[in-house]
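File shown: coords_22.txt. Contents: compact mmCIF, C-alpha atoms.
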# COMPACT_ATOMS: atom_id res chain seq x y z
CA MET A 6 -11.41 35.69 -8.82
CA LEU A 7 -8.53 33.86 -10.45
CA ASN A 8 -8.33 34.21 -14.23
CA TYR A 9 -5.63 33.85 -16.83
CA LEU A 10 -4.84 34.81 -20.41
CA THR A 11 -2.23 33.46 -22.81
CA ALA A 12 -0.77 34.95 -25.98
CA GLY A 13 1.78 33.93 -28.57
CA GLU A 14 2.26 31.78 -31.65
CA SER A 15 4.02 28.45 -32.10
CA HIS A 16 7.01 29.96 -33.93
CA GLY A 17 6.69 33.46 -32.54
CA PRO A 18 9.28 34.94 -30.18
CA GLN A 19 7.59 33.85 -26.96
CA LEU A 20 4.53 32.56 -25.15
CA THR A 21 3.09 34.90 -22.55
CA GLY A 22 0.73 34.19 -19.67
CA ILE A 23 -0.91 36.55 -17.21
CA ILE A 24 -2.59 35.22 -14.07
CA GLU A 25 -4.89 37.53 -12.12
CA GLY A 26 -6.01 36.61 -8.60
CA ILE A 27 -3.00 34.77 -7.18
CA PRO A 28 -2.87 35.69 -3.46
CA SER A 29 0.00 37.69 -2.05
CA GLY A 30 2.57 35.89 0.07
CA LEU A 31 2.90 32.76 -2.07
CA HIS A 32 6.55 31.78 -2.35
CA LEU A 33 7.04 30.53 -5.90
CA ASP A 34 9.52 27.76 -6.60
CA ILE A 35 10.65 28.65 -10.13
CA ASP A 36 12.63 25.41 -10.37
CA GLU A 37 9.42 23.45 -9.91
CA ILE A 38 7.69 25.45 -12.66
CA ASN A 39 10.61 24.64 -14.96
CA ASN A 40 10.47 21.00 -13.87
CA GLN A 41 6.85 20.83 -15.05
CA LEU A 42 7.84 22.43 -18.37
CA LYS A 43 10.60 19.85 -18.76
CA LYS A 44 8.16 17.01 -18.13
CA ARG A 45 5.84 18.42 -20.80
CA GLN A 46 8.68 18.18 -23.34
CA GLY A 47 9.45 14.57 -22.51
CA GLY A 48 7.85 11.24 -23.19
CA TYR A 49 8.26 8.52 -25.75
CA GLY A 50 6.80 9.41 -29.14
CA ARG A 51 7.77 13.08 -29.20
CA GLY A 52 9.10 14.77 -32.35
CA ASN A 53 12.26 16.71 -33.17
CA ARG A 54 11.10 20.12 -31.97
CA GLN A 55 11.73 19.04 -28.39
CA LYS A 56 15.43 18.80 -29.27
CA ILE A 57 15.35 22.53 -30.06
CA GLU A 58 13.20 23.89 -27.24
CA HIS A 59 14.47 23.87 -23.66
CA ASP A 60 11.52 25.57 -22.02
CA GLN A 61 12.30 27.84 -19.09
CA VAL A 62 9.96 30.35 -17.50
CA THR A 63 10.78 33.99 -16.87
CA ILE A 64 8.66 35.86 -14.33
CA VAL A 65 8.20 39.46 -15.46
CA GLY A 66 5.51 40.75 -13.14
CA GLY A 67 3.63 40.19 -9.88
CA VAL A 68 6.52 38.62 -7.95
CA ARG A 69 9.25 40.21 -5.85
CA HIS A 70 12.10 38.30 -4.19
CA GLY A 71 10.36 35.05 -5.05
CA THR A 72 7.04 35.95 -3.42
CA THR A 73 3.78 36.98 -5.08
CA LEU A 74 2.54 40.51 -4.50
CA GLY A 75 -1.18 40.02 -5.15
CA SER A 76 -0.92 41.84 -8.48
CA PRO A 77 -1.15 39.98 -11.82
CA VAL A 78 1.62 37.44 -12.29
CA ALA A 79 3.18 37.62 -15.77
CA LEU A 80 5.11 34.66 -17.18
CA VAL A 81 7.13 34.27 -20.38
CA VAL A 82 8.42 31.13 -22.11
CA ASN A 83 10.71 31.92 -25.03
CA ASN A 84 10.54 29.93 -28.28
CA ARG A 85 14.10 29.05 -29.25
CA ASP A 86 12.87 27.82 -32.63
CA HIS A 87 11.83 31.40 -33.44
CA ALA A 88 15.43 32.03 -34.52
CA HIS A 89 14.69 29.90 -37.61
CA TRP A 90 11.37 31.68 -38.24
CA ASN A 91 12.28 35.29 -37.50
CA GLU A 92 11.45 36.70 -40.96
CA ILE A 93 8.43 34.46 -41.53
CA MET A 94 6.86 35.40 -38.18
CA ASP A 95 7.95 39.06 -38.10
CA PRO A 96 5.01 41.06 -36.68
CA VAL A 97 6.02 44.38 -38.27
CA THR A 98 7.72 43.86 -41.65
CA PRO A 99 5.24 43.94 -44.58
CA GLU A 100 4.55 40.71 -46.46
CA THR A 101 7.04 39.84 -49.23
CA PRO A 102 7.61 36.77 -51.42
CA GLU A 103 10.68 35.97 -49.29
CA ASN A 104 8.95 36.00 -45.90
CA THR A 105 5.89 34.00 -47.03
CA LEU A 106 7.73 30.96 -48.33
CA ARG A 107 6.22 28.70 -45.66
CA LYS A 108 2.61 29.20 -46.66
CA VAL A 109 0.10 26.52 -45.69
CA GLU A 110 -2.59 26.11 -48.33
CA ARG A 111 -3.54 22.43 -48.00
CA PRO A 112 -5.41 22.07 -44.69
CA ARG A 113 -4.84 19.01 -42.53
CA PRO A 114 -7.96 16.93 -41.79
CA GLY A 115 -8.74 17.05 -38.08
CA HIS A 116 -6.86 20.31 -37.47
CA ALA A 117 -8.17 23.88 -37.13
CA ASP A 118 -6.60 24.83 -40.50
CA LEU A 119 -9.58 24.91 -42.85
CA VAL A 120 -12.34 26.12 -40.53
CA GLY A 121 -10.02 28.73 -39.00
CA GLY A 122 -9.16 29.99 -42.48
CA MET A 123 -12.82 30.28 -43.43
CA LYS A 124 -13.75 31.98 -40.15
CA TYR A 125 -10.96 34.58 -40.15
CA ARG A 126 -10.58 34.91 -43.95
CA HIS A 127 -7.01 33.62 -43.99
CA HIS A 128 -5.74 32.06 -47.19
CA ASP A 129 -2.34 31.36 -45.73
CA LEU A 130 -3.38 28.86 -43.10
CA ARG A 131 -0.16 29.39 -41.17
CA ASN A 132 -2.08 32.29 -39.62
CA VAL A 133 -4.37 29.64 -38.10
CA LEU A 134 -2.02 26.84 -37.15
CA GLU A 135 0.50 29.10 -35.42
CA ARG A 136 -2.03 29.85 -32.68
CA SER A 137 -4.04 26.62 -32.77
CA SER A 138 -0.83 24.64 -32.26
CA ALA A 139 -0.44 22.71 -29.02
CA ARG A 140 2.75 24.71 -28.45
CA GLU A 141 0.48 27.14 -26.56
CA THR A 142 0.01 24.54 -23.84
CA ALA A 143 3.56 25.19 -22.61
CA ILE A 144 2.43 28.44 -21.03
CA ARG A 145 -0.67 26.77 -19.59
CA VAL A 146 1.61 24.25 -17.91
CA ALA A 147 3.58 27.13 -16.38
CA ILE A 148 0.34 28.70 -15.14
CA GLY A 149 -0.83 25.33 -13.83
CA ALA A 150 2.46 24.91 -11.97
CA VAL A 151 1.82 28.19 -10.15
CA CYS A 152 -1.71 27.02 -9.28
CA LYS A 153 -0.40 23.67 -8.05
CA GLN A 154 1.91 25.48 -5.65
CA LEU A 155 -1.07 27.47 -4.37
CA LEU A 156 -3.13 24.29 -3.88
CA GLU A 157 -0.29 22.65 -1.99
CA GLN A 158 -0.43 25.47 0.55
CA VAL A 159 -3.81 24.09 1.68
CA GLY A 160 -2.85 20.42 1.37
CA ILE A 161 -4.31 19.66 -2.08
CA ARG A 162 -2.12 17.55 -4.37
CA ILE A 163 -2.74 16.51 -7.96
CA ALA A 164 -1.20 14.10 -10.47
CA GLY A 165 -1.96 13.20 -14.08
CA TYR A 166 -0.87 10.04 -15.84
CA VAL A 167 -1.44 8.03 -19.01
CA GLN A 168 -3.97 5.25 -18.72
CA GLN A 169 -4.08 4.14 -22.36
CA ILE A 170 -2.12 4.73 -25.57
CA GLY A 171 -3.88 3.72 -28.76
CA PRO A 172 -5.39 0.24 -28.21
CA VAL A 173 -3.10 -0.65 -25.29
CA SER A 174 -4.66 -0.07 -21.90
CA THR A 175 -3.04 -0.14 -18.48
CA ASP A 176 -4.84 -1.14 -15.28
CA ASP A 177 -7.53 1.20 -13.98
CA GLN A 178 -6.46 1.22 -10.33
CA LEU A 179 -8.89 3.48 -8.52
CA GLU A 180 -7.10 2.98 -5.20
CA LEU A 181 -4.00 4.85 -6.39
CA ASP A 182 -3.43 8.10 -4.52
CA VAL A 183 -1.26 10.98 -5.76
CA THR A 184 1.89 9.76 -4.02
CA LYS A 185 1.58 6.25 -5.46
CA ILE A 186 0.91 7.63 -8.93
CA GLU A 187 3.96 9.90 -8.83
CA ASN A 188 6.17 7.05 -7.62
CA GLU A 189 5.03 4.69 -10.39
CA ILE A 190 5.13 7.06 -13.37
CA ALA A 191 8.66 8.18 -12.46
CA ASN A 192 9.87 4.72 -13.46
CA ASN A 193 9.20 5.04 -17.21
CA ASP A 194 8.99 7.54 -20.08
CA LEU A 195 5.30 6.94 -20.72
CA ARG A 196 3.85 8.18 -17.42
CA ILE A 197 2.00 4.88 -16.94
CA VAL A 198 1.55 3.07 -13.63
CA ASP A 199 1.78 -0.48 -15.04
CA GLN A 200 5.48 -1.15 -15.70
CA THR A 201 4.71 -4.42 -17.52
CA LYS A 202 3.16 -2.49 -20.44
CA VAL A 203 6.18 -0.27 -21.24
CA ASP A 204 7.81 -2.48 -23.90
CA GLU A 205 4.50 -3.21 -25.62
CA ILE A 206 3.67 0.50 -25.88
CA HIS A 207 7.18 1.39 -27.06
CA ASP A 208 6.81 -1.16 -29.86
CA LEU A 209 3.39 0.24 -30.78
CA ILE A 210 4.74 3.80 -31.01
CA ASP A 211 7.77 2.68 -33.06
CA LYS A 212 5.56 0.85 -35.55
CA THR A 213 3.15 3.78 -35.78
CA ARG A 214 6.03 6.16 -36.49
CA LYS A 215 7.33 3.92 -39.28
CA ASP A 216 3.82 3.80 -40.76
CA GLY A 217 3.65 7.61 -40.80
CA ASP A 218 0.64 7.50 -38.49
CA THR A 219 -0.25 8.89 -35.05
CA LEU A 220 -1.78 7.73 -31.76
CA GLY A 221 -4.09 9.14 -29.13
CA GLY A 222 -5.04 7.75 -25.75
CA ILE A 223 -6.62 8.28 -22.35
CA ILE A 224 -5.34 10.44 -19.49
CA ARG A 225 -6.37 10.16 -15.85
CA VAL A 226 -5.98 12.89 -13.21
CA VAL A 227 -6.40 12.42 -9.46
CA ALA A 228 -6.55 15.22 -6.86
CA ASP A 229 -6.32 14.36 -3.15
CA ASN A 230 -7.50 16.15 0.00
CA VAL A 231 -9.93 18.49 -1.75
CA PRO A 232 -12.44 19.83 0.81
CA ALA A 233 -16.14 19.21 0.29
CA GLY A 234 -18.21 22.11 -0.99
CA LEU A 235 -16.15 23.62 -3.82
CA GLY A 236 -18.51 24.49 -6.66
CA SER A 237 -22.28 24.75 -6.29
CA TYR A 238 -25.57 23.13 -7.28
CA ILE A 239 -27.49 26.41 -7.56
CA SER A 240 -26.91 27.00 -11.29
CA TRP A 241 -25.45 25.09 -14.22
CA ASP A 242 -22.56 27.50 -14.63
CA THR A 243 -21.49 27.18 -10.97
CA LYS A 244 -20.95 23.41 -11.10
CA LEU A 245 -17.23 22.72 -10.66
CA ASP A 246 -17.25 19.41 -12.51
CA ALA A 247 -18.72 21.24 -15.53
CA LYS A 248 -15.96 23.86 -15.36
CA ILE A 249 -13.30 21.15 -15.20
CA ALA A 250 -14.88 19.32 -18.15
CA ALA A 251 -14.83 22.55 -20.18
CA ALA A 252 -11.18 23.19 -19.30
CA VAL A 253 -10.21 19.66 -20.33
CA VAL A 254 -11.97 19.86 -23.71
CA GLY A 255 -10.29 23.24 -24.14
CA VAL A 256 -6.96 21.43 -24.48
CA ASN A 257 -5.88 20.56 -28.02
CA ALA A 258 -7.10 17.19 -29.33
CA MET A 259 -9.31 16.32 -26.33
CA LYS A 260 -12.59 14.77 -27.49
CA GLY A 261 -14.10 13.37 -24.31
CA VAL A 262 -14.20 13.80 -20.52
CA GLU A 263 -15.25 11.47 -17.74
CA ILE A 264 -15.74 12.27 -14.06
CA GLY A 265 -15.27 9.18 -11.91
CA ASP A 266 -16.70 6.10 -13.61
CA GLY A 267 -18.06 8.33 -16.38
CA PHE A 268 -19.53 6.37 -19.27
CA LYS A 269 -19.19 3.10 -17.37
CA ALA A 270 -21.74 4.44 -14.90
CA ALA A 271 -24.27 4.73 -17.74
CA THR A 272 -24.22 0.95 -18.20
CA SER A 273 -24.31 0.08 -14.49
CA PHE A 274 -27.09 -0.16 -11.91
CA GLY A 275 -27.54 2.67 -9.43
CA SER A 276 -26.55 0.40 -6.57
CA GLN A 277 -23.20 -0.11 -8.28
CA VAL A 278 -22.53 3.58 -8.89
CA MET A 279 -23.71 5.62 -5.90
CA ASP A 280 -21.08 6.08 -3.20
CA GLU A 281 -22.58 5.05 0.15
CA ILE A 282 -22.18 7.52 3.00
CA ASP A 283 -20.43 6.72 6.28
CA TRP A 284 -19.30 8.67 9.35
CA ASN A 285 -16.76 8.39 12.12
CA LYS A 286 -15.56 10.69 14.88
CA ASP A 287 -12.11 11.25 13.38
CA ASP A 288 -13.13 12.04 9.80
CA GLY A 289 -16.74 13.13 9.93
CA PHE A 290 -18.76 12.19 6.83
CA PHE A 291 -17.08 10.27 4.02
CA ARG A 292 -17.91 7.88 1.17
CA ASN A 293 -16.95 4.20 1.11
CA THR A 294 -16.24 4.32 -2.64
CA ASP A 295 -15.49 6.98 -5.25
CA HIS A 296 -17.42 5.99 -8.36
CA LEU A 297 -18.63 9.58 -8.82
CA GLY A 298 -15.10 10.94 -8.90
CA GLY A 299 -15.38 13.25 -5.92
CA PHE A 300 -18.46 15.16 -7.13
CA GLU A 301 -22.12 15.26 -6.20
CA GLY A 302 -24.46 17.96 -7.50
CA GLY A 303 -21.59 19.81 -9.15
CA MET A 304 -19.78 20.13 -5.81
CA THR A 305 -16.75 18.36 -4.41
CA ASN A 306 -17.78 15.83 -1.74
CA GLY A 307 -14.42 15.39 -0.01
CA MET A 308 -13.38 12.26 -1.89
CA PRO A 309 -10.49 12.31 -4.39
CA ILE A 310 -11.34 14.03 -7.65
CA ILE A 311 -10.98 11.70 -10.63
CA VAL A 312 -11.02 13.10 -14.17
CA LYS A 313 -10.36 11.19 -17.40
CA ALA A 314 -9.69 12.74 -20.81
CA ALA A 315 -9.84 11.09 -24.24
CA MET A 316 -7.27 12.44 -26.71
CA LYS A 317 -7.62 11.89 -30.44
CA PRO A 318 -4.50 11.10 -32.52
CA ILE A 319 -2.52 14.13 -33.70
CA PRO A 320 -3.88 15.30 -37.10
CA THR A 321 -0.46 15.92 -38.69
CA LEU A 322 0.44 12.67 -40.50
CA TYR A 323 3.76 12.05 -42.21
CA LYS A 324 1.75 10.02 -44.74
CA PRO A 325 -0.76 12.84 -45.26
CA LEU A 326 -4.45 12.38 -45.98
CA GLN A 327 -6.39 13.89 -48.86
CA SER A 328 -7.09 17.60 -48.77
CA VAL A 329 -7.95 20.46 -51.13
CA ASP A 330 -5.81 23.53 -51.85
CA VAL A 331 -7.75 26.52 -50.48
CA ASN A 332 -6.61 28.76 -53.32
CA THR A 333 -6.59 26.53 -56.45
CA LYS A 334 -9.26 24.08 -55.16
CA ALA A 335 -7.16 21.22 -56.55
CA VAL A 336 -7.33 17.92 -54.68
CA LYS A 337 -3.93 17.34 -53.06
CA LYS A 338 -2.32 15.73 -50.04
CA ALA A 339 -2.49 17.78 -46.82
CA ASN A 340 0.42 19.88 -45.65
CA VAL A 341 2.94 18.21 -43.35
CA GLU A 342 4.22 20.12 -40.34
CA ARG A 343 6.78 18.87 -37.85
CA SER A 344 4.90 16.85 -35.25
CA ASP A 345 4.88 13.92 -32.80
CA THR A 346 3.83 10.32 -33.25
CA THR A 347 1.91 10.72 -30.03
CA ALA A 348 1.66 13.59 -27.57
CA ILE A 349 -0.31 11.67 -24.95
CA VAL A 350 2.57 11.80 -22.45
CA PRO A 351 2.97 15.61 -22.42
CA ALA A 352 -0.81 15.94 -22.67
CA SER A 353 -1.10 14.25 -19.26
CA ILE A 354 0.92 17.16 -17.82
CA VAL A 355 -1.32 19.66 -19.61
CA ILE A 356 -4.55 18.05 -18.35
CA GLU A 357 -3.12 17.91 -14.84
CA SER A 358 -2.34 21.63 -15.19
CA VAL A 359 -5.78 22.75 -16.36
CA VAL A 360 -7.50 20.74 -13.62
CA ALA A 361 -5.18 22.42 -11.10
CA ILE A 362 -6.12 25.82 -12.52
CA GLU A 363 -9.84 25.13 -12.13
CA LEU A 364 -9.37 23.88 -8.55
CA ALA A 365 -7.36 27.00 -7.73
CA LYS A 366 -10.15 29.13 -9.24
CA ALA A 367 -12.76 27.35 -7.12
CA LEU A 368 -10.63 27.73 -3.99
CA THR A 369 -10.09 31.46 -4.48
CA ASP A 370 -13.78 31.93 -5.33
CA LYS A 371 -14.89 30.40 -2.03
CA PHE A 372 -12.34 31.91 0.36
CA ASP A 373 -10.65 35.27 0.91
CA ALA A 374 -7.69 34.98 -1.44
CA ASP A 375 -5.94 38.30 -0.96
CA ASN A 376 -3.20 36.64 1.08
CA VAL A 377 -1.98 33.04 1.34
CA SER A 378 -1.84 32.95 5.15
CA ARG A 379 -5.41 34.19 5.43
CA LEU A 380 -6.47 31.64 2.83
CA GLN A 381 -4.81 28.86 4.83
CA GLU A 382 -6.55 29.99 8.02
CA GLN A 383 -9.96 30.07 6.36
CA VAL A 384 -9.55 26.68 4.67
CA ALA A 385 -8.40 25.10 7.95
CA ALA A 386 -11.41 26.58 9.80
CA TYR A 387 -13.76 25.40 7.04
CA ARG A 388 -12.31 21.87 7.09
CA ASP A 389 -12.89 21.76 10.85
CA GLU A 390 -16.44 23.05 10.44
CA ILE A 391 -17.48 20.42 7.90
CA LYS A 392 -15.72 17.68 9.87
CA HIS A 393 -18.03 18.45 12.81
CA TYR A 394 -21.20 18.94 10.73
Would you write out, as structure tokens, the structure that this file holds?
Amino acid sequence: MLNYLTAGESHGPQLTGIIEGIPSGLHLDIDEINNQLKKRQGGYGRGNRQKIEHDQVTIVGGVRHGTTLGSPVALVVNNRDHAHWNEIMDPVTPETPENTLRKVERPRPGHADLVGGMKYRHHDLRNVLERSSARETAIRVAIGAVCKQLLEQVGIRIAGYVQQIGPVSTDDQLELDVTKIENEIANNDLRIVDQTKVDEIHDLIDKTRKDGDTLGGIIRVVADNVPAGLGSYISWDTKLDAKIAAAVVGVNAMKGVEIGDGFKAATSFGSQVMDEIDWNKDDGFFRNTDHLGGFEGGMTNGMPIIVKAAMKPIPTLYKPLQSVDVNTKAVKKANVERSDTTAIVPASIVIESVVAIELAKALTDKFDADNVSRLQEQVAAYRDEIKHY
């Protein structure tokens, strides 16, 4: 089984990821992993930290001469900003007045600050925000990039893009495949497919920044050429769409998930939602539409997987909201930490990454994943089997 673990704090020395279950024989393109990390740092609406960090991955285990060994793959992304936080984030030196100058005592509404402090008995809420920060998603993007390279070995491709920022929506074009999506989003710094909306969204972000406010939005992910039968209907915890939904909500600031038409399906008639079944000699069984987003009964049905995620605005506001000091209990304005006006653009990379991770998990659960060549052989044989069902 494929599993992963991450460790590290926002201003700590590094982020670390360990992936268990990557097959042997996978040639890793480290430049492509770094390309994904670079994309995560980009996008209109980002804050000043991205001028400091230049994320690059270092592989420290599980790979030799560019090829995976079958043992756990260990990845590291260094935090360049740690140089400015060395004393404050020192894991060994005892606490002193000098190294606790950046205490956080006024929790930000909408962030993990207050509840995390209560749960873990922290009265310096920096102990909470350093781990709850979205900085951790950098290492998940690196892990997702490895999983994407594994998926590509069996012909599965995936792309995430921004469908809406704040109140401004772009066209919901269900016919877009991964190649078309990648071609369109490369033409702007918002990762949107509708080029006519770029100026309007730029203006919205600029105004929001001047107002000291933040924006959320909607992300859409599409995965092509996924074979039918990943996941299972036999138990609630084997349903792949449920696992993907959990992974998406596990990303910072995500407050909703849709598979296919999602909530729109709830207001439609069954005849408008169910994907009618067809068959031909070349393809076998297929659906004429994809309203259900590639899933039936918790299993992939061979159609493109379509996942949408709703992201709330970032809770750090440069015009802070009311809060209460956790030590004095005085009503004050919330702490202000360096942040973005909107992180919807990098979040589309993160959501793409976690969906890729879950698909890679499902793939390695179903097939012998000790070696990439054997995996390819088994997937090819399975595709042929279901084609002739």
Across A:Pro325, A:Gly13, A:Gly261, A:Gly221, the smallest distance to A:Gly50, with only C-alpha atoms counted, is shown by A:Gly221
(request) Write out as number ranges by chain each polymer residue whose atoms come within 8 Å of A:Ser29, counting all atoms listed in the file; drop sequence neighbours fewer than 3 positions from it. (result) A: 72-76, 375-377
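Residues in contact range of A:Val78, defined as at most 8 Å between all atoms listed in the file, with sequence neighbours fewer than 2 positions away removed, read Ile23, Ile24, Glu25, Ile27, Ile64, Val65, Gly66, Gly67, Val68, Thr73, Ser76 and Leu80 of chain A.
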Which protein, DNA or RNA residues have an atom at most 12 Å from (13.4, 14.5, -19.1), counting all atoms listed in the file? List them as a short mmCIF file (atom, residue, chain, number, x, y, z; two decimals) with C-alpha atoms, in the coordinates of the input.
data_model
loop_
_atom_site.label_atom_id
_atom_site.label_comp_id
_atom_site.auth_asym_id
_atom_site.auth_seq_id
_atom_site.Cartn_x
_atom_site.Cartn_y
_atom_site.Cartn_z
CA ASN A 39 10.61 24.64 -14.96
CA ASN A 40 10.47 21.00 -13.87
CA GLN A 41 6.85 20.83 -15.05
CA LEU A 42 7.84 22.43 -18.37
CA LYS A 43 10.60 19.85 -18.76
CA LYS A 44 8.16 17.01 -18.13
CA ARG A 45 5.84 18.42 -20.80
CA GLN A 46 8.68 18.18 -23.34
CA GLY A 47 9.45 14.57 -22.51
CA GLY A 48 7.85 11.24 -23.19
CA TYR A 49 8.26 8.52 -25.75
CA ARG A 51 7.77 13.08 -29.20
CA GLN A 55 11.73 19.04 -28.39
CA LYS A 56 15.43 18.80 -29.27
CA HIS A 59 14.47 23.87 -23.66
CA ASP A 60 11.52 25.57 -22.02
CA ALA A 191 8.66 8.18 -12.46
CA ASN A 192 9.87 4.72 -13.46
CA ASN A 193 9.20 5.04 -17.21
CA ASP A 194 8.99 7.54 -20.08
CA LEU A 195 5.30 6.94 -20.72
CA ARG A 196 3.85 8.18 -17.42
CA VAL A 350 2.57 11.80 -22.45
CA PRO A 351 2.97 15.61 -22.42
#
Who sits within 9 Å of A:Asp199, all atoms listed in the file, same chain under 2 positions skipped, as a PDB file with C-alpha atoms, in the coordinates of the input:
ATOM      1  CA  GLN A 168      -3.970   5.250 -18.720  1.00  0.00           C
ATOM      2  CA  THR A 175      -3.040  -0.140 -18.480  1.00  0.00           C
ATOM      3  CA  ASP A 176      -4.840  -1.140 -15.280  1.00  0.00           C
ATOM      4  CA  GLU A 189       5.030   4.690 -10.390  1.00  0.00           C
ATOM      5  CA  ILE A 190       5.130   7.060 -13.370  1.00  0.00           C
ATOM      6  CA  ILE A 197       2.000   4.880 -16.940  1.00  0.00           C
ATOM      7  CA  THR A 201       4.710  -4.420 -17.520  1.00  0.00           C
ATOM      8  CA  LYS A 202       3.160  -2.490 -20.440  1.00  0.00           C
ATOM      9  CA  VAL A 203       6.180  -0.270 -21.240  1.00  0.00           C
TER      10      VAL A 203
END
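Remark: for A:Ala88, the closest of the candidate residues A:His116, A:Lys313, A:His296, A:His16 is A:His16 (distances computed over all atoms listed in the file).
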Counting only C-alpha atoms, find residues at most 9 Å from (-1.1, 27.7, -37.4) (file frame) and give them as a count of residues only. 14
